[in-house]
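work_27.cif follows; it contains mmCIF, C-alpha atoms and all ligand atoms.
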```
data_model
loop_
_atom_site.label_atom_id
_atom_site.label_comp_id
_atom_site.auth_asym_id
_atom_site.auth_seq_id
_atom_site.Cartn_x
_atom_site.Cartn_y
_atom_site.Cartn_z
CA MET T 1 0.46 19.86 38.31
CA GLU T 2 1.81 22.72 40.29
CA ALA T 3 4.40 21.96 42.94
CA PRO T 4 2.96 22.59 46.41
CA GLY T 5 4.60 25.14 48.65
CA ARG T 6 7.21 27.33 47.11
CA ALA T 7 10.64 26.06 46.15
CA LEU T 8 13.33 28.09 47.84
CA LYS T 9 14.95 30.50 45.43
CA LEU T 10 18.69 29.87 45.71
CA ASP T 11 20.85 32.04 43.45
CA PRO T 12 24.10 30.66 42.03
CA ILE T 13 27.18 31.25 44.17
CA LYS T 14 29.47 31.61 41.14
CA SER T 15 32.69 32.06 43.16
CA ILE T 16 34.08 30.21 46.18
CA LYS T 17 34.64 33.55 47.91
CA LYS T 18 30.90 34.17 47.78
CA ALA T 19 29.95 30.77 49.25
CA PRO T 20 28.03 31.04 52.53
CA ALA T 21 30.33 30.85 55.55
CA GLU T 22 27.86 28.76 57.56
CA GLU T 23 28.46 25.01 57.74
CA TYR T 24 25.58 22.54 58.15
CA TYR T 25 27.78 19.44 57.92
CA GLN T 26 30.64 19.87 60.34
CA SER T 27 33.42 17.98 62.05
CA GLY T 28 32.56 14.87 64.01
CA HIS T 29 32.40 12.31 61.22
CA ARG T 30 34.81 9.41 60.86
CA THR T 31 35.37 9.12 57.14
CA CYS T 32 38.83 8.23 55.80
CA GLN T 33 41.39 10.96 55.25
CA GLY T 34 40.87 12.46 51.77
CA CYS T 35 37.33 11.06 51.46
CA LEU T 36 35.62 12.92 48.66
CA SER T 37 32.27 11.44 49.59
CA ALA T 38 32.23 13.49 52.79
CA LEU T 39 33.11 16.73 51.00
CA PRO T 40 29.98 16.75 48.79
CA MET T 41 27.89 16.33 51.94
CA ARG T 42 29.48 19.47 53.32
CA LEU T 43 29.13 21.40 50.06
CA MET T 44 25.59 20.20 49.45
CA ALA T 45 24.48 21.27 52.96
CA LYS T 46 26.28 24.60 52.60
CA ALA T 47 24.59 25.23 49.24
CA ALA T 48 21.16 24.21 50.53
CA GLY T 49 21.21 26.24 53.75
CA PRO T 50 19.35 25.90 57.04
CA ARG T 51 15.80 25.22 55.79
CA THR T 52 16.71 21.71 54.70
CA ILE T 53 15.87 18.15 55.70
CA VAL T 54 18.29 15.41 54.64
CA THR T 55 17.71 11.68 54.54
CA GLY T 56 20.64 9.36 53.90
CA ALA T 57 20.72 5.77 52.72
CA THR T 58 23.00 3.19 54.35
CA GLY T 59 26.62 3.38 53.23
CA CYS T 60 29.82 5.18 54.22
CA MET T 61 27.94 8.45 54.53
CA TYR T 62 25.62 6.92 57.08
CA VAL T 63 27.93 4.62 59.00
CA ALA T 64 31.00 6.85 59.18
CA ASN T 65 28.84 9.90 59.91
CA THR T 66 26.83 8.55 62.79
CA THR T 67 29.15 7.10 65.37
CA TYR T 68 27.52 6.75 68.76
CA MET T 69 26.37 10.07 70.22
CA SER T 70 27.95 12.22 67.52
CA THR T 71 26.85 13.62 64.18
CA PRO T 72 28.26 16.16 61.76
CA TRP T 73 24.75 17.19 60.65
CA VAL T 74 23.44 20.56 61.80
CA VAL T 75 20.25 20.33 59.72
CA PRO T 76 17.70 17.58 60.49
CA TRP T 77 19.01 14.26 59.16
CA MET T 78 17.50 10.79 59.14
CA HIS T 79 18.93 7.43 58.12
CA THR T 80 16.96 5.42 55.60
CA GLN T 81 17.28 1.90 54.22
CA LEU T 82 19.92 1.18 51.55
CA GLY T 83 17.59 1.20 48.54
CA ALA T 84 15.14 3.77 49.87
CA ALA T 85 16.48 7.20 48.88
CA GLY T 86 13.66 7.73 46.39
CA SER T 87 10.93 6.57 48.78
CA SER T 88 12.27 8.58 51.70
CA ALA T 89 12.42 11.73 49.55
CA VAL T 90 8.81 11.34 48.44
CA GLY T 91 7.69 10.36 51.96
CA THR T 92 9.40 13.34 53.55
CA ALA T 93 8.06 15.80 50.96
CA ALA T 94 4.54 14.31 51.28
CA GLY T 95 4.72 14.43 55.09
CA LEU T 96 5.73 18.09 55.04
CA LYS T 97 2.92 18.86 52.62
CA ALA T 98 0.34 17.15 54.86
CA LEU T 99 1.59 18.89 58.02
CA MET T 100 1.50 22.26 56.28
CA ARG T 101 -1.98 21.63 54.89
CA LYS T 102 -3.28 20.73 58.35
CA GLY T 103 -1.67 23.84 59.79
CA LYS T 104 0.56 21.81 62.10
CA ILE T 105 3.71 23.48 60.84
CA LYS T 106 4.30 26.80 59.15
CA ASP T 107 3.67 26.78 55.41
CA GLU T 108 7.09 27.59 54.02
CA PRO T 109 9.48 26.22 51.40
CA ILE T 110 11.73 23.49 52.85
CA ASN T 111 14.41 21.68 50.87
CA VAL T 112 14.13 17.88 50.86
CA ILE T 113 17.34 16.07 49.92
CA ALA T 114 17.78 12.29 49.93
CA PHE T 115 21.31 11.07 49.38
CA CYS T 116 22.46 7.59 48.51
CA GLY T 117 25.63 5.88 47.37
CA ASP T 118 26.12 4.22 44.00
CA GLY T 119 25.28 0.79 45.43
CA GLY T 120 22.16 2.13 47.14
CA GLY T 121 21.07 4.41 44.28
CA ALA T 122 22.42 3.21 40.96
CA ASP T 123 21.81 -0.48 41.78
CA MET T 124 19.47 -1.32 44.63
CA GLY T 125 17.32 1.80 44.83
CA LEU T 126 17.03 2.64 41.16
CA ALA T 127 13.32 1.75 41.02
CA ALA T 128 12.44 4.05 43.92
CA ILE T 129 14.48 6.89 42.43
CA SER T 130 12.74 6.37 39.11
CA ALA T 131 9.35 6.57 40.84
CA ALA T 132 10.36 9.72 42.75
CA LEU T 133 11.43 11.43 39.54
CA THR T 134 7.95 11.00 38.05
CA ASP T 135 6.24 12.51 41.12
CA VAL T 136 5.90 16.09 39.91
CA GLU T 137 3.87 16.99 42.99
CA TYR T 138 6.94 17.24 45.16
CA ASN T 139 10.06 19.37 45.41
CA LEU T 140 12.94 17.02 46.13
CA LEU T 141 16.54 16.31 45.24
CA ILE T 142 18.00 12.81 45.00
CA PHE T 143 21.75 13.22 45.46
CA LEU T 144 23.79 10.18 44.47
CA TYR T 145 27.39 10.20 45.71
CA ASP T 146 29.33 7.86 43.50
CA ASN T 147 32.54 6.38 44.94
CA GLU T 148 32.30 3.55 42.41
CA SER T 149 31.92 0.65 44.83
CA TYR T 150 29.99 -0.63 47.81
CA ALA T 151 32.66 1.07 49.90
CA ASN T 152 31.27 0.71 53.38
CA THR T 153 31.21 -3.09 53.23
CA ASP T 154 34.81 -3.20 51.95
CA ILE T 155 34.77 -2.19 48.31
CA GLN T 156 32.55 -4.58 46.37
CA THR T 157 31.83 -4.07 42.65
CA SER T 158 28.77 -1.93 41.91
CA GLY T 159 27.10 -0.97 38.63
CA GLN T 160 29.23 2.18 38.82
CA THR T 161 32.60 0.45 39.20
CA PRO T 162 34.70 1.21 36.12
CA TRP T 163 35.74 -1.50 33.68
CA GLY T 164 38.82 -3.36 34.87
CA ALA T 165 38.90 -2.01 38.44
CA VAL T 166 40.03 -4.34 41.19
CA THR T 167 37.51 -4.67 43.99
CA THR T 168 37.08 -7.39 46.59
CA PHE T 169 34.65 -8.97 44.11
CA SER T 170 36.93 -8.58 41.09
CA PRO T 171 40.50 -9.56 42.01
CA PRO T 172 42.88 -10.29 39.13
CA GLY T 173 43.46 -14.01 38.90
CA LYS T 174 45.83 -16.38 37.16
CA LYS T 175 43.58 -16.84 34.12
CA HIS T 176 41.98 -13.43 33.88
CA ARG T 177 43.72 -10.20 34.59
CA ILE T 178 40.47 -8.26 34.14
CA MET T 179 37.60 -9.47 36.28
CA GLN T 180 35.31 -6.43 36.24
CA ARG T 181 34.09 -6.65 32.64
CA ARG T 182 31.03 -4.43 32.79
CA TRP T 183 31.11 -0.86 31.53
CA LYS T 184 29.91 1.73 34.07
CA LYS T 185 26.18 2.37 33.90
CA ASN T 186 25.25 5.83 32.62
CA VAL T 187 22.77 6.63 35.38
CA PRO T 188 22.10 10.37 34.94
CA GLY T 189 21.75 9.90 31.17
CA MET T 190 19.40 6.96 31.72
CA LEU T 191 17.28 8.90 34.22
CA ALA T 192 17.13 11.93 31.94
CA ALA T 193 16.07 9.85 28.94
CA GLY T 194 13.29 8.10 30.83
CA HIS T 195 11.88 10.86 33.06
CA PRO T 196 10.84 13.81 30.92
CA ASP T 197 8.96 15.50 33.79
CA THR T 198 12.03 15.67 35.99
CA LYS T 199 12.84 19.33 36.46
CA TYR T 200 16.61 19.11 36.68
CA ILE T 201 19.33 16.48 36.32
CA ALA T 202 23.04 17.22 36.64
CA SER T 203 26.42 15.64 37.14
CA GLY T 204 29.14 17.13 39.32
CA THR T 205 32.12 16.44 41.54
CA PRO T 206 33.30 17.98 44.81
CA ALA T 207 36.68 18.45 43.10
CA ILE T 208 34.97 21.38 41.33
CA PRO T 209 33.07 22.75 44.30
CA VAL T 210 31.38 25.89 42.96
CA ASP T 211 29.96 24.04 39.96
CA MET T 212 28.65 21.34 42.30
CA MET T 213 27.10 23.79 44.77
CA ASP T 214 25.47 25.84 42.03
CA LYS T 215 23.94 22.69 40.58
CA VAL T 216 22.54 21.81 44.03
CA ARG T 217 21.03 25.28 44.22
CA ALA T 218 19.58 25.00 40.71
CA ALA T 219 18.06 21.62 41.61
CA LEU T 220 16.49 22.89 44.82
CA SER T 221 15.09 25.97 43.09
CA ALA T 222 13.63 23.98 40.20
CA GLY T 223 10.28 23.21 41.86
CA GLY T 224 9.83 19.49 41.26
CA PRO T 225 11.71 16.21 41.43
CA THR T 226 15.43 16.52 40.62
CA TYR T 227 18.54 14.32 40.54
CA MET T 228 22.28 14.89 40.89
CA HIS T 229 25.09 12.43 40.26
CA VAL T 230 28.38 13.28 41.95
CA LEU T 231 31.69 11.48 41.34
CA ASP T 232 33.73 11.09 44.55
CA PRO T 233 37.29 9.76 44.55
CA CYS T 234 37.69 7.29 47.44
CA PRO T 235 41.31 6.72 48.56
CA LYS T 236 40.52 3.41 50.20
CA GLY T 237 38.63 1.87 47.31
CA TRP T 238 40.65 3.39 44.49
CA HIS T 239 44.02 2.77 46.16
CA TYR T 240 45.87 6.08 46.08
CA ASP T 241 47.41 8.53 48.50
CA PRO T 242 44.58 10.67 50.00
CA GLU T 243 46.35 13.88 49.07
CA HIS T 244 45.46 13.24 45.40
CA SER T 245 41.68 13.13 45.79
CA ASN T 246 40.98 16.51 44.28
CA GLU T 247 43.42 16.01 41.45
CA LEU T 248 41.76 12.70 40.54
CA GLY T 249 38.29 14.24 40.51
CA LYS T 250 39.53 16.83 38.02
CA LEU T 251 41.39 14.26 35.92
CA ALA T 252 38.20 12.21 35.55
CA ILE T 253 36.70 15.23 33.80
CA GLU T 254 39.78 16.31 31.87
CA THR T 255 40.16 12.83 30.38
CA GLY T 256 36.49 12.86 29.35
CA ILE T 257 35.72 9.74 31.38
CA TYR T 258 33.25 11.58 33.56
CA PRO T 259 31.35 14.43 31.88
CA LEU T 260 29.85 17.49 33.53
CA TYR T 261 26.42 18.55 32.36
CA GLU T 262 22.99 19.69 33.42
CA ILE T 263 19.56 19.07 31.96
CA LYS T 264 17.10 21.82 32.83
CA GLU T 265 13.50 21.36 31.78
CA GLY T 266 14.60 18.96 29.06
CA VAL T 267 17.47 21.04 27.65
CA CYS T 268 20.94 19.57 28.04
CA THR T 269 24.01 21.76 28.48
CA LEU T 270 27.51 20.42 28.85
CA THR T 271 29.26 22.48 31.51
CA GLY T 272 32.77 23.51 32.59
CA VAL T 273 35.72 21.61 31.16
CA THR T 274 33.39 19.12 29.45
CA LYS T 275 31.82 21.94 27.48
CA GLN T 276 35.26 23.30 26.55
CA ILE T 277 36.28 19.88 25.27
CA ALA T 278 33.09 19.49 23.24
CA GLU T 279 33.57 22.93 21.72
CA GLY T 280 37.11 22.01 20.69
CA LYS T 281 38.66 24.62 23.02
CA ARG T 282 40.50 22.00 25.00
CA LYS T 283 41.89 18.54 24.29
CA ARG T 284 40.93 15.49 26.30
CA LYS T 285 43.86 14.11 28.31
CA PRO T 286 44.65 10.42 27.71
CA VAL T 287 42.67 8.19 30.09
CA ARG T 288 45.92 6.54 31.09
CA GLU T 289 46.87 9.66 33.10
CA TYR T 290 43.85 9.06 35.31
CA LEU T 291 43.98 5.27 35.46
CA GLU T 292 47.65 4.69 36.19
CA THR T 293 47.61 6.79 39.35
CA GLN T 294 45.17 4.38 41.01
CA GLY T 295 46.08 1.02 42.50
CA ARG T 296 42.76 -0.49 41.42
CA PHE T 297 44.05 -0.40 37.83
CA ALA T 298 47.59 -1.53 38.67
CA GLN T 299 47.17 -4.77 36.72
CA PHE T 300 46.42 -2.90 33.46
CA LYS T 301 48.54 -3.66 30.41
CA ASN T 302 48.78 -1.51 27.29
CA GLN T 303 45.82 -3.21 25.67
CA ASP T 304 43.64 -2.48 28.70
CA TYR T 305 44.45 1.22 28.59
CA ALA T 306 43.76 1.13 24.85
CA TYR T 307 40.38 -0.56 25.35
CA PHE T 308 39.38 1.96 28.00
CA GLN T 309 40.44 4.84 25.74
CA LYS T 310 38.44 3.37 22.88
CA LYS T 311 35.28 3.17 24.98
CA VAL T 312 35.67 6.78 26.13
CA ASP T 313 36.34 7.90 22.54
CA GLU T 314 33.08 6.22 21.56
CA MET T 315 31.22 8.25 24.18
CA TRP T 316 32.56 11.43 22.60
CA GLU T 317 32.42 10.53 18.94
CA GLN T 318 29.41 8.28 18.52
CA TRP T 319 26.79 9.21 21.09
CA VAL T 320 23.93 11.48 20.04
CA ILE T 321 24.84 13.97 22.75
CA PRO T 322 28.54 13.40 23.54
CA THR T 323 28.91 11.60 26.89
CA VAL T 324 25.21 11.95 27.80
CA VAL T 325 22.94 9.93 25.51
CA ALA T 326 24.37 6.47 25.04
CA PHE T 327 23.56 5.64 21.44
CA SER T 328 24.17 6.92 17.98
CA TYR T 329 21.40 7.96 15.66
CA GLY T 330 20.72 6.53 12.25
CA GLY T 331 18.17 8.90 10.82
CA PRO T 332 17.18 12.55 10.34
CA ILE T 333 17.68 14.52 13.50
CA ASN T 334 16.35 17.72 14.97
CA ILE T 335 18.17 18.55 18.15
CA THR T 336 17.85 22.11 19.39
CA GLY T 337 19.00 23.82 22.57
CA ASP T 338 22.35 24.49 24.06
CA ILE T 339 24.20 21.38 22.93
CA PRO T 340 27.66 22.45 21.82
CA LYS T 341 28.23 19.86 19.16
CA VAL T 342 26.65 16.70 17.86
CA ARG T 343 29.17 14.59 16.03
CA ASN T 344 29.26 11.61 13.74
CA ARG T 345 25.55 10.98 13.94
CA ASN T 346 25.60 8.11 11.57
CA VAL T 347 28.62 6.22 12.79
CA VAL T 348 28.07 2.50 12.64
CA ARG T 349 29.44 0.87 15.73
CA GLU T 350 30.54 -2.34 14.03
CA ASN T 351 33.39 -0.50 12.39
CA ALA T 352 35.18 -0.41 15.72
CA SER T 353 38.13 -2.73 15.99
CA TRP T 354 36.61 -3.84 19.26
CA ALA T 355 33.58 -5.48 17.68
CA GLY T 356 32.88 -8.72 19.39
CA ILE T 357 31.33 -9.81 22.62
CA PRO T 358 31.07 -6.78 24.88
CA GLY T 359 33.43 -7.07 27.80
CA HIS T 360 35.54 -9.69 26.06
CA ALA T 361 36.61 -7.61 23.11
CA HIS T 362 39.73 -6.42 24.92
CA GLU T 363 41.03 -9.96 25.05
CA GLU T 364 40.87 -10.18 21.26
CA PHE T 365 42.72 -6.93 20.73
CA LYS T 366 46.40 -7.65 20.35
CA GLU T 367 47.97 -4.23 20.21
CA VAL T 368 50.94 -5.54 22.13
CA ALA T 369 51.79 -9.11 23.01
CA ASP T 370 50.15 -10.24 26.22
CA ASP T 371 52.73 -10.48 28.96
CA PRO T 372 52.79 -13.69 30.89
CA TYR T 373 50.88 -13.56 34.13
CA GLU T 374 52.69 -11.65 36.83
CA PRO T 375 51.49 -12.01 40.39
CA TRP T 376 50.24 -8.56 41.25
CA ARG T 377 48.88 -8.50 44.72
CA ASP T 378 48.63 -10.76 47.72
CA ASP T 379 48.74 -13.97 45.66
CA ASN T 380 51.98 -15.20 47.12
CA GLU T 381 51.62 -13.78 50.57
CA LEU T 382 48.05 -14.68 51.34
CA GLY T 383 47.12 -17.48 48.99
CA GLU T 384 45.22 -17.33 45.76
CA TYR T 385 42.01 -15.79 47.10
CA PRO T 386 42.64 -14.40 50.53
CA TRP T 387 38.93 -13.84 51.19
CA ALA T 388 37.94 -17.37 50.13
CA LEU T 389 39.02 -18.93 53.40
CA PRO T 390 37.94 -22.51 54.09
CA SER T 391 34.20 -22.39 54.51
CA THR T 392 32.96 -22.10 58.06
CA GLY T 393 29.39 -22.36 56.85
CA GLN T 394 28.79 -18.64 57.47
C1 LIG C 401 19.29 -4.23 52.08
C2 LIG C 401 20.71 -4.17 52.52
N1 LIG C 401 21.63 -4.96 51.95
C3 LIG C 401 22.93 -4.90 52.33
C4 LIG C 401 23.31 -4.02 53.32
C5 LIG C 401 24.77 -3.96 53.74
N2 LIG C 401 25.38 -2.72 53.33
C6 LIG C 401 25.52 -1.66 54.15
S1 LIG C 401 26.32 -0.35 53.47
C7 LIG C 401 26.52 -1.22 52.03
C8 LIG C 401 27.28 -0.58 50.90
C9 LIG C 401 26.54 0.51 50.21
O1 LIG C 401 27.26 0.95 49.09
P1 LIG C 401 26.97 2.37 48.48
O2 LIG C 401 25.53 2.62 48.39
O3 LIG C 401 27.75 2.49 47.23
O4 LIG C 401 27.54 3.38 49.59
P2 LIG C 401 29.07 3.48 50.09
O5 LIG C 401 29.23 2.47 51.17
O6 LIG C 401 29.93 3.21 48.92
O7 LIG C 401 29.21 4.86 50.60
C10 LIG C 401 25.96 -2.51 52.09
C11 LIG C 401 25.99 -3.50 51.02
C12 LIG C 401 22.31 -3.23 53.94
N3 LIG C 401 22.60 -2.35 54.89
N4 LIG C 401 21.03 -3.30 53.51
S1 LIG C 402 35.91 4.00 52.15
FE1 LIG C 402 35.94 5.67 50.64
S2 LIG C 402 33.88 6.59 50.69
FE2 LIG C 402 34.12 5.35 52.54
S3 LIG C 402 34.81 6.78 54.13
FE3 LIG C 402 36.65 5.85 53.19
S4 LIG C 402 37.27 7.24 51.52
FE4 LIG C 402 35.15 7.75 52.12
MG MG C 403 29.56 3.50 46.88
#
```
In structure tokens, what does this structure look like?
Ligand SMILES: Cc1ncc(C[n+]2csc(CCOP(=O)(O)OP(=O)(O)O)c2C)c(N)n1
Ligand code: SF4
Ligand SMILES: [Mg+2]
Amino acid sequence: MEAPGRALKLDPIKSIKKAPAEEYYQSGHRTCQGCLSALPMRLMAKAAGPRTIVTGATGCMYVANTTYMSTPWVVPWMHTQLGAAGSSAVGTAAGLKALMRKGKIKDEPINVIAFCGDGGGADMGLAAISAALTDVEYNLLIFLYDNESYANTDIQTSGQTPWGAVTTFSPPGKKHRIMQRRWKKNVPGMLAAGHPDTKYIASGTPAIPVDMMDKVRAALSAGGPTYMHVLDPCPKGWHYDPEHSNELGKLAIETGIYPLYEIKEGVCTLTGVTKQIAEGKRKRKPVREYLETQGRFAQFKNQDYAYFQKKVDEMWEQWVIPTVVAFSYGGPINITGDIPKVRNRNVVRENASWAGIPGHAHEEFKEVADDPYEPWRDDNELGEYPWALPSTGQ
């Protein structure tokens, strides 16, 4: 079915010097210093331009942006419920369509963007996003800003929290150093695999701003439902000095932990540094360089770094499309398009030294002797579980 109205044609910016000077997300918000969840809002609004309506799910980018009587948004913006990014995008696009059809507003292309956090989008609102991405009638962009926790309610574990990270829900304890034992969900890959009619899916980070803005412009010009996943270092939740936000965003890509890619009309292209790595033009940095700069991994021992590295190596060496499609392939294959390299198609996973119960395998890997438990944070000062205060019945 043809998309109603015309999608705005937004050409790539290509260079930061050519980015529009106008700002549609300005000062007036109250996010933490160094917050890289606020920056993608600014870049996304700049890339989209004035003919844009934004809806935003509950989270830091709602609460910190909408203090009483102030807003950083210059374009129309509306809060929506935590899991409702997908529904609000479809509702807004459908409402515009109806108003235009009835002649109540001018018939013109208007960008519809619904943003959500990782808690709101990758966990709670996944069903609504999935539904929106099958609705080929509408032009819309679901923009998921991923700070890897439920940050606004004080850093709880989400489906996007990396393995091993300390959150308020996963503190290291006396028996288990690692409490977050789930590997991060591959949301853009999952959405791409299951929604063949989606016009455009991409990953990005505000640490590489032109790439991110050009992907927003490609999504809005695609003429149909689209999705972007954006990794945002969060100084409060990741425990680091705010001045390192940009550096960390880049390190996530250089270590291969977080890949950059876009899927246009079903064709996947790795982009930027990720593409260079896949083509063998650049080496992946060790994941340790990224992990050891963040307090949320301060309890890591050598075997934890090794386990993390192993999992990232698997993404690169065993997946059908490195870092994008999360399985290997056991049979004849016919992949065409702009995929730089498909490696080790027939690798059998059981040959990994990590074979065992997922999430527990690291405990069986004895690369170095396990150090005895060392109190790492708060244990002595505030008691074993500072948040588990005597129950007040609340
Ligand atoms: C249905 C519902 N459950 C719980 C909450 C409380 N709540 C408000 S913001 C938030 C965290 C959202 O996390 P995320 O989507 O990752 O956004 P972030 O805060 O990290 O920016 C939660 C749990 C809510 N507002 N609505
Ligand atoms: S907690 Fe993290 S995401 Fe939220 S405002 Fe602070 S830095 Fe930004
Ligand atoms: Mg979050």
Worksheet entry | Nearby residues, ligand LIG 402 (chain C), 9 Å, only C-alpha atoms and all ligand atoms, as a PyMOL selection string | chain T and resi 30-38+59-61+63-65+117+145-155+232-238+242
Practice prompt. Considering all atoms listed in the file, state which residue in the set T:Ser203, T:Gln294, T:Asn111, T:Lys174 is at the smallest distance from Ser245 (chain T).
Written response: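 The closest residue to Ser245 (chain T) is T:Gln294.
For the residues T:Gly103, T:Gly56, T:Gly119, T:Gly91, ranking by smallest atom-to-atom distance to ligand MG 403 (chain C) using all atoms listed in the file places T:Gly119 first.
Candidate residues T:Asn139, T:Ser158, T:Ser88, T:Ser130 were compared for distance to ligand LIG 401 (chain C), and the nearest is T:Ser158, using only C-alpha atoms and all ligand atoms.
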Practice prompt. Can you work out the spacing between CA of Arg101 (chain T) and CA of Phe115 (chain T) in Å, to one decimal?
Written response: 26.2 Å
